[in-house]
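*Asks:* This one is input-v5.txt, compact mmCIF, C-alpha atoms.
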```txt
# COMPACT_ATOMS: atom_id res chain seq x y z
CA MET T 1240 182.33 74.85 39.59
CA THR T 1241 179.90 74.49 42.41
CA ARG T 1242 182.32 72.39 44.39
CA ALA T 1243 185.07 74.90 43.87
CA TRP T 1244 182.91 77.75 45.05
CA ALA T 1245 181.34 76.03 48.03
CA PRO T 1246 184.27 76.29 50.47
CA LEU T 1247 184.88 79.88 49.46
CA LEU T 1248 181.26 80.81 49.97
CA ALA T 1249 181.22 78.98 53.28
CA MET T 1250 184.25 80.92 54.44
CA LEU T 1251 182.66 84.12 53.27
CA SER T 1252 179.51 83.25 55.14
CA VAL T 1253 181.34 82.60 58.39
CA ALA T 1254 183.65 85.54 57.90
CA SER T 1255 180.81 87.93 57.25
CA GLY T 1256 179.12 86.76 60.41
CA ALA T 1257 182.28 87.22 62.40
CA ALA T 1258 182.98 90.61 60.88
CA ILE T 1259 179.63 92.00 61.85
CA PRO T 1260 180.14 93.65 65.19
CA SER T 1261 177.47 93.69 67.81
CA PRO T 1262 175.72 97.02 67.44
CA SER T 1263 175.95 99.41 70.31
CA TYR T 1264 172.47 100.31 71.44
CA ALA T 1265 171.51 103.88 71.94
CA ALA T 1266 167.89 103.44 72.89
CA ASP T 1267 165.16 100.85 73.22
CA SER T 1268 161.69 102.03 72.52
CA VAL T 1269 158.52 100.06 72.94
CA GLU T 1270 155.28 100.66 71.16
CA VAL T 1271 152.41 99.46 73.26
CA HIS T 1272 149.08 98.88 71.66
CA ILE T 1273 146.00 98.09 73.62
CA GLY T 1274 142.51 97.05 72.74
CA ALA T 1275 139.57 96.77 75.11
CA VAL T 1276 137.01 94.25 73.97
CA LEU T 1277 133.54 94.06 75.44
CA ALA T 1278 132.66 90.38 75.51
CA SER T 1279 129.13 89.37 76.31
CA ASN T 1280 126.38 86.91 75.57
CA SER T 1281 123.95 89.54 74.39
CA GLY T 1282 123.88 89.21 70.64
CA GLN T 1283 126.08 87.53 68.08
CA GLU T 1284 128.22 90.47 67.04
CA PHE T 1285 131.85 89.98 66.15
CA ASP T 1286 133.63 93.24 65.56
CA PRO T 1287 135.56 92.93 62.27
CA ARG T 1288 138.41 94.96 63.76
CA LEU T 1289 139.13 91.99 65.99
CA VAL T 1290 139.84 89.61 63.16
CA ALA T 1291 143.52 89.42 64.17
CA ILE T 1292 142.61 87.84 67.51
CA HIS T 1293 139.54 85.99 66.33
CA ARG T 1294 141.09 82.62 67.04
CA GLN T 1295 142.16 83.52 70.56
CA LEU T 1296 138.78 84.94 71.46
CA ARG T 1297 136.82 82.01 70.06
CA THR T 1298 139.16 79.42 71.57
CA LEU T 1299 139.60 80.94 74.99
CA PHE T 1300 136.27 82.50 75.87
CA PRO T 1301 132.67 81.35 75.78
CA TYR T 1302 131.00 84.59 74.78
CA SER T 1303 128.85 85.11 71.72
CA SER T 1304 129.56 88.77 71.14
CA TYR T 1305 132.86 90.62 70.94
CA ARG T 1306 133.05 94.34 70.34
CA LEU T 1307 136.13 96.56 70.36
CA VAL T 1308 135.27 99.49 72.59
CA LYS T 1309 138.67 101.11 72.82
CA GLU T 1310 141.98 100.93 71.07
CA ASP T 1311 145.08 102.99 71.41
CA GLN T 1312 148.79 102.83 70.87
CA LYS T 1313 151.65 104.82 72.27
CA VAL T 1314 155.42 104.69 72.18
CA VAL T 1315 157.76 105.07 75.11
CA ALA T 1316 161.42 104.47 75.81
CA ALA T 1317 162.28 101.51 77.99
CA GLY T 1318 162.09 102.68 81.56
CA GLY T 1319 159.23 105.05 80.85
CA LYS T 1320 155.54 104.53 81.40
CA LEU T 1321 152.33 104.80 79.45
CA GLY T 1322 148.80 105.33 80.63
CA PHE T 1323 145.62 104.28 78.89
CA GLU T 1324 142.08 105.09 79.88
CA ILE T 1325 140.03 101.91 79.93
CA PRO T 1326 136.23 101.95 79.84
CA GLY T 1327 134.50 101.73 83.17
CA GLY T 1328 136.72 104.25 84.91
CA ARG T 1329 139.73 102.01 84.76
CA TYR T 1330 143.26 102.97 84.01
CA LEU T 1331 145.99 100.84 82.51
CA LEU T 1332 149.60 101.63 83.25
CA VAL T 1333 152.26 99.94 81.17
CA MET T 1334 155.89 100.40 82.06
CA PRO T 1335 158.30 98.70 79.66
CA LYS T 1336 161.44 97.89 81.59
CA ALA T 1337 163.78 96.32 79.08
CA LEU T 1338 164.05 94.91 75.60
CA LYS T 1339 166.47 92.02 75.48
CA ASN T 1340 166.86 88.99 73.25
CA GLU T 1341 163.71 89.87 71.34
CA ARG T 1342 161.72 89.90 74.55
CA VAL T 1343 160.05 92.81 76.23
CA SER T 1344 159.72 92.87 79.98
CA MET T 1345 157.22 95.27 81.40
CA ARG T 1346 155.12 96.04 84.40
CA VAL T 1347 151.40 96.18 83.80
CA MET T 1348 148.96 97.69 86.25
CA LEU T 1349 145.22 97.80 85.78
CA ILE T 1350 143.73 100.22 88.25
CA GLN T 1351 140.06 100.49 89.00
CA GLY T 1352 139.19 103.53 91.06
CA THR T 1353 141.96 103.41 93.57
CA ARG T 1354 142.48 99.66 93.48
CA PRO T 1355 145.28 97.98 91.54
CA VAL T 1356 143.18 95.17 90.12
CA VAL T 1357 146.23 93.67 88.46
CA ASP T 1358 149.83 94.48 89.16
CA THR T 1359 152.16 92.22 87.28
CA VAL T 1360 155.62 92.10 85.79
CA ILE T 1361 155.76 90.00 82.65
CA THR T 1362 158.14 89.13 79.87
CA LEU T 1363 156.69 88.78 76.41
CA ARG T 1364 158.21 87.91 73.10
CA ASN T 1365 158.58 90.97 70.96
CA ARG T 1366 155.33 91.64 69.10
CA ALA T 1367 153.40 89.27 71.33
CA THR T 1368 150.17 90.06 73.10
CA LEU T 1369 148.94 89.50 76.61
CA LEU T 1370 145.25 89.25 77.40
CA VAL T 1371 143.82 90.55 80.66
CA GLY T 1372 140.16 89.78 81.11
CA GLY T 1373 137.41 89.69 83.63
CA PRO T 1374 136.52 93.22 84.75
CA ARG T 1375 132.77 93.70 84.51
CA HIS T 1376 131.57 96.27 82.04
CA LYS T 1377 128.00 96.98 81.01
CA GLU T 1378 126.36 93.71 80.05
CA GLY T 1379 129.58 91.74 79.82
CA VAL T 1380 133.24 91.70 80.67
CA LEU T 1381 136.26 93.47 79.32
CA ILE T 1382 139.09 91.62 77.68
CA ILE T 1383 142.10 93.87 77.29
CA SER T 1384 144.81 92.98 74.83
CA ILE T 1385 148.21 94.45 75.51
CA GLY T 1386 150.75 94.12 72.75
CA ALA T 1387 154.32 95.32 72.74
CA VAL T 1388 156.58 96.01 69.80
CA GLY T 1389 160.09 96.75 70.92
CA THR T 1390 162.59 98.47 68.69
CA THR T 1391 166.27 98.69 69.36
CA THR T 1392 167.89 101.67 67.76
CA ALA T 1393 171.55 101.32 66.90
CA ALA T 1394 173.68 104.27 67.91
CA ALA T 1395 174.18 106.73 65.10
CA THR T 1396 177.91 106.62 65.72
CA ALA T 1397 178.10 102.84 65.45
CA ASP T 1398 179.98 101.59 62.44
CA GLU T 1399 178.37 103.45 59.62
CA PRO T 1400 175.90 106.27 59.93
CA LEU T 1401 172.70 106.34 57.97
CA ASN T 1402 173.13 108.30 54.80
CA VAL T 1403 170.20 110.55 54.22
CA ALA T 1404 170.01 111.86 50.72
CA PRO T 1405 169.20 115.53 50.34
CA GLN T 1406 165.65 116.32 49.44
CA MET Y 261 149.36 105.46 106.82
CA THR Y 262 147.94 108.82 107.90
CA CYS Y 263 146.06 111.41 105.86
CA ARG Y 264 149.17 113.55 105.92
CA ASP Y 265 151.26 110.75 104.47
CA VAL Y 266 148.66 110.05 101.83
CA SER Y 267 148.19 113.67 100.88
CA GLY Y 268 151.81 113.95 99.80
CA LEU Y 269 151.59 110.76 97.78
CA LEU Y 270 148.31 111.35 95.99
CA PRO Y 271 149.77 113.05 92.89
CA LEU Y 272 152.31 110.24 92.56
CA PHE Y 273 149.56 107.69 93.15
CA PHE Y 274 147.46 109.24 90.44
CA ASP Y 275 150.38 109.18 88.01
CA GLY Y 276 151.19 105.57 88.86
CA GLU Y 277 154.61 106.54 90.15
CA LEU Y 278 154.40 104.66 93.42
CA GLU Y 279 155.73 101.24 94.19
CA ALA Y 280 153.13 98.53 94.49
CA ARG Y 281 153.25 98.48 98.29
CA GLN Y 282 152.73 102.24 98.53
CA MET Y 283 150.10 102.07 95.82
CA ARG Y 284 148.12 99.56 97.81
CA ALA Y 285 148.53 101.50 101.05
CA VAL Y 286 147.31 104.73 99.48
CA ALA Y 287 144.46 102.94 97.72
CA LEU Y 288 143.40 101.24 100.92
CA HIS Y 289 143.51 104.48 102.90
CA SER Y 290 141.66 106.44 100.24
CA SER Y 291 138.91 103.86 100.08
CA ARG Y 292 138.28 104.36 103.79
CA CYS Y 293 138.94 108.10 104.14
CA ALA Y 294 136.40 110.43 102.59
CA GLU Y 295 138.74 113.40 102.83
CA CYS Y 296 141.57 111.76 100.92
CA GLU Y 297 139.13 110.23 98.46
CA GLY Y 298 137.79 113.74 97.86
CA GLU Y 299 141.30 115.06 97.29
CA LEU Y 300 141.90 112.28 94.81
CA ARG Y 301 138.70 113.18 92.97
CA GLN Y 302 139.88 116.78 92.80
CA ILE Y 303 143.14 115.69 91.19
CA GLU Y 304 141.14 113.60 88.73
CA ARG Y 305 138.96 116.58 87.87
CA VAL Y 306 142.00 118.78 87.31
CA GLN Y 307 143.56 116.18 85.08
CA ASP Y 308 140.31 115.76 83.13
CA ILE Y 309 140.16 119.50 82.56
CA VAL Y 310 143.79 119.65 81.47
CA ALA Y 311 143.34 116.63 79.20
CA ALA Y 312 140.18 118.08 77.66
CA THR Y 313 141.90 121.41 77.05
CA LEU Y 314 144.94 119.78 75.50
CA SER Y 315 142.81 117.48 73.36
CA ALA Y 316 140.88 120.46 72.06
CA ARG Y 317 144.10 122.22 71.16
CA VAL Y 318 145.53 119.12 69.52
CA ASP Y 319 142.34 118.61 67.53
CA GLU Y 320 142.83 122.05 66.08
CA LEU Y 321 146.18 121.08 64.60
CA ASP Y 322 146.28 119.98 61.00
CA LEU Y 323 148.44 116.86 60.98
CA SER Y 324 147.20 115.50 57.68
CA GLN Y 325 150.48 116.27 55.91
CA VAL Y 326 152.76 114.83 58.57
CA TRP Y 327 152.65 111.17 57.59
CA PRO Y 328 152.96 111.76 53.84
CA ALA Y 329 156.01 113.91 54.58
CA VAL Y 330 157.48 111.22 56.82
CA LYS Y 331 156.89 108.59 54.12
CA ARG Y 332 158.63 110.75 51.55
CA ARG Y 333 161.54 111.19 53.94
CA ILE Y 334 161.77 107.46 54.66
CA GLY Y 335 161.95 106.80 50.95
CA THR Y 336 165.15 108.81 50.72
CA ILE Y 337 167.03 106.91 53.42
CA ARG Y 338 169.73 104.62 52.07
CA VAL Y 339 170.85 101.92 54.44
CA PRO Y 340 174.41 100.61 53.94
CA TRP Y 341 174.68 96.95 53.06
CA THR Y 342 176.60 96.20 56.28
CA GLN Y 343 173.75 97.55 58.33
CA ARG Y 344 171.19 95.69 56.27
CA LEU Y 345 173.20 92.51 56.73
CA ARG Y 346 173.33 93.09 60.47
CA LEU Y 347 169.59 93.71 60.64
CA TRP Y 348 169.01 90.62 58.61
CA SER Y 349 171.24 88.51 60.87
CA GLU Y 350 169.59 89.88 64.01
CA GLU Y 351 166.16 89.05 62.68
CA ARG Y 352 167.14 85.51 61.81
CA ASP Y 353 169.74 84.73 64.48
CA VAL Y 354 172.36 83.86 61.88
CA THR Y 355 174.99 83.01 64.50
CA ARG Y 356 173.40 79.64 65.13
CA TRP Y 357 174.18 78.68 61.55
CA ILE Y 358 177.89 78.64 62.21
CA GLY Y 359 179.12 75.09 62.16
CA ILE Y 360 176.74 73.66 59.62
CA PRO Y 361 178.15 71.97 56.55
CA ALA Y 362 179.86 74.07 53.95
CA LEU Y 363 177.32 73.46 51.27
CA SER Y 364 174.46 74.69 53.46
CA ALA Y 365 176.51 77.71 54.44
CA ALA Y 366 177.11 78.44 50.81
CA ALA Y 367 173.41 78.23 50.15
CA ALA Y 368 172.79 80.57 53.05
CA THR Y 369 175.29 83.06 51.71
CA ALA Y 370 173.68 82.92 48.32
CA ALA Y 371 170.33 83.57 49.98
CA VAL Y 372 171.78 86.57 51.82
CA VAL Y 373 173.14 88.00 48.61
CA PHE Y 374 169.82 87.45 46.91
CA VAL Y 375 167.81 89.02 49.71
CA LEU Y 376 170.11 92.02 49.93
CA SER Y 377 170.19 92.54 46.22
CA SER Y 378 166.43 92.29 45.98
CA GLY Y 379 166.16 95.04 48.58
CA SER Y 380 163.58 93.21 50.63
CA VAL Y 381 165.34 94.02 53.89
CA THR Y 382 164.50 97.44 55.18
CA SER Y 383 165.20 99.29 58.37
CA VAL Y 384 161.66 100.53 58.63
CA THR Y 385 159.51 98.80 61.19
CA GLU Y 386 156.08 97.86 59.92
CA ALA Y 387 153.16 99.65 61.45
CA PRO Y 388 151.98 97.63 64.44
CA GLN Y 389 148.62 95.96 64.43
CA ILE Y 390 146.48 95.82 67.52
CA ALA Y 391 146.86 92.40 69.02
CA GLU Y 392 148.14 90.79 65.85
CA ALA Y 393 148.74 87.72 67.89
CA SER Y 394 148.01 84.58 65.91
CA PRO Y 395 151.28 83.79 64.16
CA ILE Y 396 153.59 84.26 67.11
CA ASP Y 397 154.12 82.84 70.53
CA ASN Y 398 152.13 84.99 72.94
CA THR Y 399 153.08 83.02 76.00
CA ALA Y 400 154.10 85.40 78.75
CA ILE Y 401 156.58 84.75 81.51
CA ILE Y 402 155.06 86.13 84.67
CA ASP Y 403 157.74 87.40 87.01
CA SER Y 404 155.33 88.69 89.63
CA LEU Y 405 151.61 89.05 90.01
CA ASP Y 406 149.61 90.89 92.59
CA SER Y 407 145.98 91.85 92.72
CA SER Y 408 143.39 93.40 94.93
CA ALA Y 409 140.71 91.33 93.24
CA GLU Y 410 139.09 88.38 94.92
CA ASN Y 411 140.98 86.00 92.71
CA VAL Y 412 143.09 85.97 89.60
CA ALA Y 413 143.52 83.06 87.24
CA VAL Y 414 146.47 82.62 84.93
CA LEU Y 415 145.88 80.56 81.84
CA ASN Y 416 148.49 79.49 79.34
CA GLU Y 417 146.56 78.17 76.42
CA PRO Y 418 148.72 75.95 74.20
CA GLU Y 419 146.55 75.92 71.11
CA THR Y 420 146.94 79.63 70.52
CA ASN Y 421 150.08 80.08 72.66
CA THR Y 422 148.34 82.77 74.61
CA THR Y 423 148.58 83.83 78.23
CA VAL Y 424 145.48 85.22 79.86
CA LEU Y 425 145.18 86.88 83.24
CA TRP Y 426 141.58 86.57 84.32
CA VAL Y 427 140.41 88.80 87.12
CA ASN Y 428 137.31 88.12 89.16
CA ASP Y 429 136.88 91.57 90.54
CA ASP Y 430 133.47 91.26 92.12
CA SER Y 431 131.49 88.75 94.03
CA ASP Y 432 128.90 88.38 91.27
CA TYR Y 433 130.97 85.65 89.71
CA GLY Y 434 130.19 83.41 92.63
CA GLY Y 435 133.42 81.50 92.26
CA GLU Y 436 132.76 80.47 88.71
CA GLY Y 437 136.46 80.60 87.93
CA PHE Y 438 137.94 81.19 84.52
CA PRO Y 439 136.18 82.40 82.52
CA PRO Y 440 132.75 82.86 84.06
```
What does this structure look like when you write it as structure tokens?

*Replies:*
Amino acid sequence: MTRAWAPLLAMLSVASGAAIPSPSYAADSVEVHIGAVLASNSGQEFDPRLVAIHRQLRTLFPYSSYRLVKEDQKVVAAGGKLGFEIPGGRYLLVMPKALKNERVSMRVMLIQGTRPVVDTVITLRNRATLLVGGPRHKEGVLIISIGAVGTTTAAATADEPLNVAPQ
Amino acid sequence: MTCRDVSGLLPLFFDGELEARQMRAVALHSSRCAECEGELRQIERVQDIVAATLSARVDELDLSQVWPAVKRRIGTIRVPWTQRLRLWSEERDVTRWIGIPALSAAAATAAVVFVLSSGSVTSVTEAPQIAEASPIDNTAIIDSLDSSAENVAVLNEPETNTTVLWVNDDSDYGGEGFPP
């Protein structure tokens, strides 16, 4: 029975893959989430909200205290730009450029006063996070996490539309 | 770059609309020209006032029922099986499976049928977590990097697959490198 079904299922598997057309993309949107962490050697505090990046912080940096001082998230279409106020009079500009092959390319600018402290174009895996650290703040330094979650929206006219049941 | 040039670019500079070269030129000029610096401060003040006013108005809005309503609405969306299959294949890069032995393909098909029938594939993206970085590869490909800081270090740390840009933006570091 199993042997008889195997070729059929294999054909079905391949056929279903071949029959699925590439979706036509209407829009790529990117949700950017940032966190500004004050890292210092004054105290032993570890902000519980940072548990998701606990390993990175402990592995990469020598500080004894980590406190989340700012977090924010915003969504923008690829090609747009987002601005985030960062403690210490800094400003973070994130401009997602494209979402392709599960990777998000974006330009990131950290501006302090009138100086672009960092101006970089990077490509990250979707849902990955970049860390930008070093700017002095209060008794320590800031470590800014910049995460990007890209979403590709299939065109409503592609293949089959979403059926929304009446309320 | 003259004050006249800069004056026309200041709003764009403040909004981050300029190219990097122009951005640097305006920043450099403003840091040396009190008049342009003052104009920039004025733009900042205006934006602060606008932002404060808007924030106050937004705070007055009652948005408490928005998300529950959205959740109810999401619950009513039925996604066709073809679309679910496509989403599933995109998430898992099914195309690379083509060419594997028939028995494995059959098992894969059975898994697809099981997953679809169990309804575990949805079209709703999970709410993002700030810097939920541990389980995935956070290594960044840096296409370009520029900085006005004294030095910038790039670290690709293999243990956590994380890329860090470390900026030494003042002389207090004394060349301690990454991280101080």

*Asks:* Extract, using all atoms listed in the file, all DNA, RNA and protein residues at most 9 Å from T:Ser1384, discarding same-chain residues fewer than 3 positions from it, and format them as a short mmCIF file (atom, residue, chain, number, x, y, z; two decimals) with C-alpha atoms, in the frame of the given file.

*Replies:*
```
data_model
loop_
_atom_site.label_atom_id
_atom_site.label_comp_id
_atom_site.auth_asym_id
_atom_site.auth_seq_id
_atom_site.Cartn_x
_atom_site.Cartn_y
_atom_site.Cartn_z
CA HIS T 1272 149.08 98.88 71.66
CA ILE T 1273 146.00 98.09 73.62
CA GLY T 1274 142.51 97.05 72.74
CA ALA T 1275 139.57 96.77 75.11
CA VAL T 1276 137.01 94.25 73.97
CA THR T 1368 150.17 90.06 73.10
CA LEU T 1369 148.94 89.50 76.61
CA LEU T 1370 145.25 89.25 77.40
CA VAL T 1371 143.82 90.55 80.66
CA GLY T 1372 140.16 89.78 81.11
CA ILE Y 390 146.48 95.82 67.52
CA ALA Y 391 146.86 92.40 69.02
#
```

*Asks:* Would you give the centre and edge lengths, in Å to one decimal, of a box along x, y and z around the listed atoms of stretch 1356-1363 of chain T, with 8 Å added to each side, as AutoDock Vina command-line options?

*Replies:*
```
--center_x 150.7 --center_y 92.0 --center_z 83.3 --size_x 31.0 --size_y 22.4 --size_z 29.7
```

*Asks:* Around (160.0, 103.6, 78.4) in the file's own coordinates, what residues are found within 12 Å if you use only C-alpha atoms, given back as a ChimeraX atom specification?

*Replies:* /T:1266-1271,1313-1322,1332-1338,1343-1346,1387-1390

*Asks:* Identify which of the residues T:Val1380, T:Leu1331, T:Ile1292, T:Ala1278 lies closest to chain Y, counting all atoms listed in the file when measuring atom-to-atom distances.

*Replies:*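 So, comparing all the options, the nearest one is T:Ile1292.
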
*Asks:* Could you check which of T:Gln1295, T:Tyr1302, T:Ile1325, T:Val1308 is closest to chain Y, using only C-alpha atoms?

*Replies:* T:Gln1295

*Asks:* So, with only C-alpha atoms as the atoms that count, which of T:Gln1312, T:Thr1359, T:Ser1304, T:Ser1279 lies closest to chain Y?

*Replies:*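 That would be T:Thr1359, the residue with the smallest distance to chain Y.
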
*Asks:* Find the spatial neighbours of T:Tyr1330, counting only C-alpha atoms, within a cut-off of 6 Å - ignore same-chain residues fewer than 2 positions away - and output them as a list in words.

*Replies:*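 Returned residues: Phe1323, Glu1324, Ile1325, Leu1349 and Ile1350 of chain T.
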
*Asks:* Quick one, how far is atom CA of T:Asp1358 from atom CA of Y:Leu405?

*Replies:*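 That distance, rounded to one decimal, is 5.8 Å.
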
*Asks:* Please measure the separation of atom CA of Y:Asp322 and atom CA of T:Leu1307, giving the value in Å to one decimal.

*Replies:*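 Atom CA of Y:Asp322 sits 27.2 Å away from atom CA of T:Leu1307.
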
*Asks:* Check the smallest atom-to-atom distance from each of Y:Asn416, Y:Thr262, Y:Ser267, Y:Gln302 to chain T using only C-alpha atoms, then report the winner.

*Replies:*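 Among the listed residues, the smallest separation from chain T belongs to Y:Asn416.
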
*Asks:* So, with all atoms listed in the file as the atoms that count, which of T:Gln1283, T:Asn1365, T:Thr1353, T:Asn1340 lies closest to chain Y?

*Replies:*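 Under the stated criterion, the closest residue is T:Thr1353.
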
*Asks:* One decimal, Å: what's the distance from atom CA of Y:Ala285 over to atom CA of Y:Asn411, could you say?

*Replies:* 19.2 Å

*Asks:* Contacts of Y:Cys296 at 10 Å or less, counting all atoms listed in the file, minus same-chain residues fewer than 2 places along, as a compact mmCIF listing (two decimals) with C-alpha atoms, keeping the file's coordinate frame?

*Replies:*
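Resulting contents of selection.txt:
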```
# COMPACT_ATOMS: atom_id res chain seq x y z
CA THR Y 262 147.94 108.82 107.90
CA CYS Y 263 146.06 111.41 105.86
CA ARG Y 264 149.17 113.55 105.92
CA VAL Y 266 148.66 110.05 101.83
CA SER Y 267 148.19 113.67 100.88
CA LEU Y 270 148.31 111.35 95.99
CA VAL Y 286 147.31 104.73 99.48
CA ALA Y 287 144.46 102.94 97.72
CA HIS Y 289 143.51 104.48 102.90
CA SER Y 290 141.66 106.44 100.24
CA SER Y 291 138.91 103.86 100.08
CA ARG Y 292 138.28 104.36 103.79
CA CYS Y 293 138.94 108.10 104.14
CA ALA Y 294 136.40 110.43 102.59
CA GLY Y 298 137.79 113.74 97.86
CA GLU Y 299 141.30 115.06 97.29
CA LEU Y 300 141.90 112.28 94.81
CA ARG Y 301 138.70 113.18 92.97
CA GLN Y 302 139.88 116.78 92.80
```

*Asks:* May I ask which of the residues Y:Asp406, Y:Glu297, Y:Asp308, Y:Glu417 is the closest one to Y:Arg281, counting all atoms listed in the file?

*Replies:*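 Ranking Y:Asp406, Y:Glu297, Y:Asp308, Y:Glu417 by distance to Y:Arg281, first place goes to Y:Asp406.
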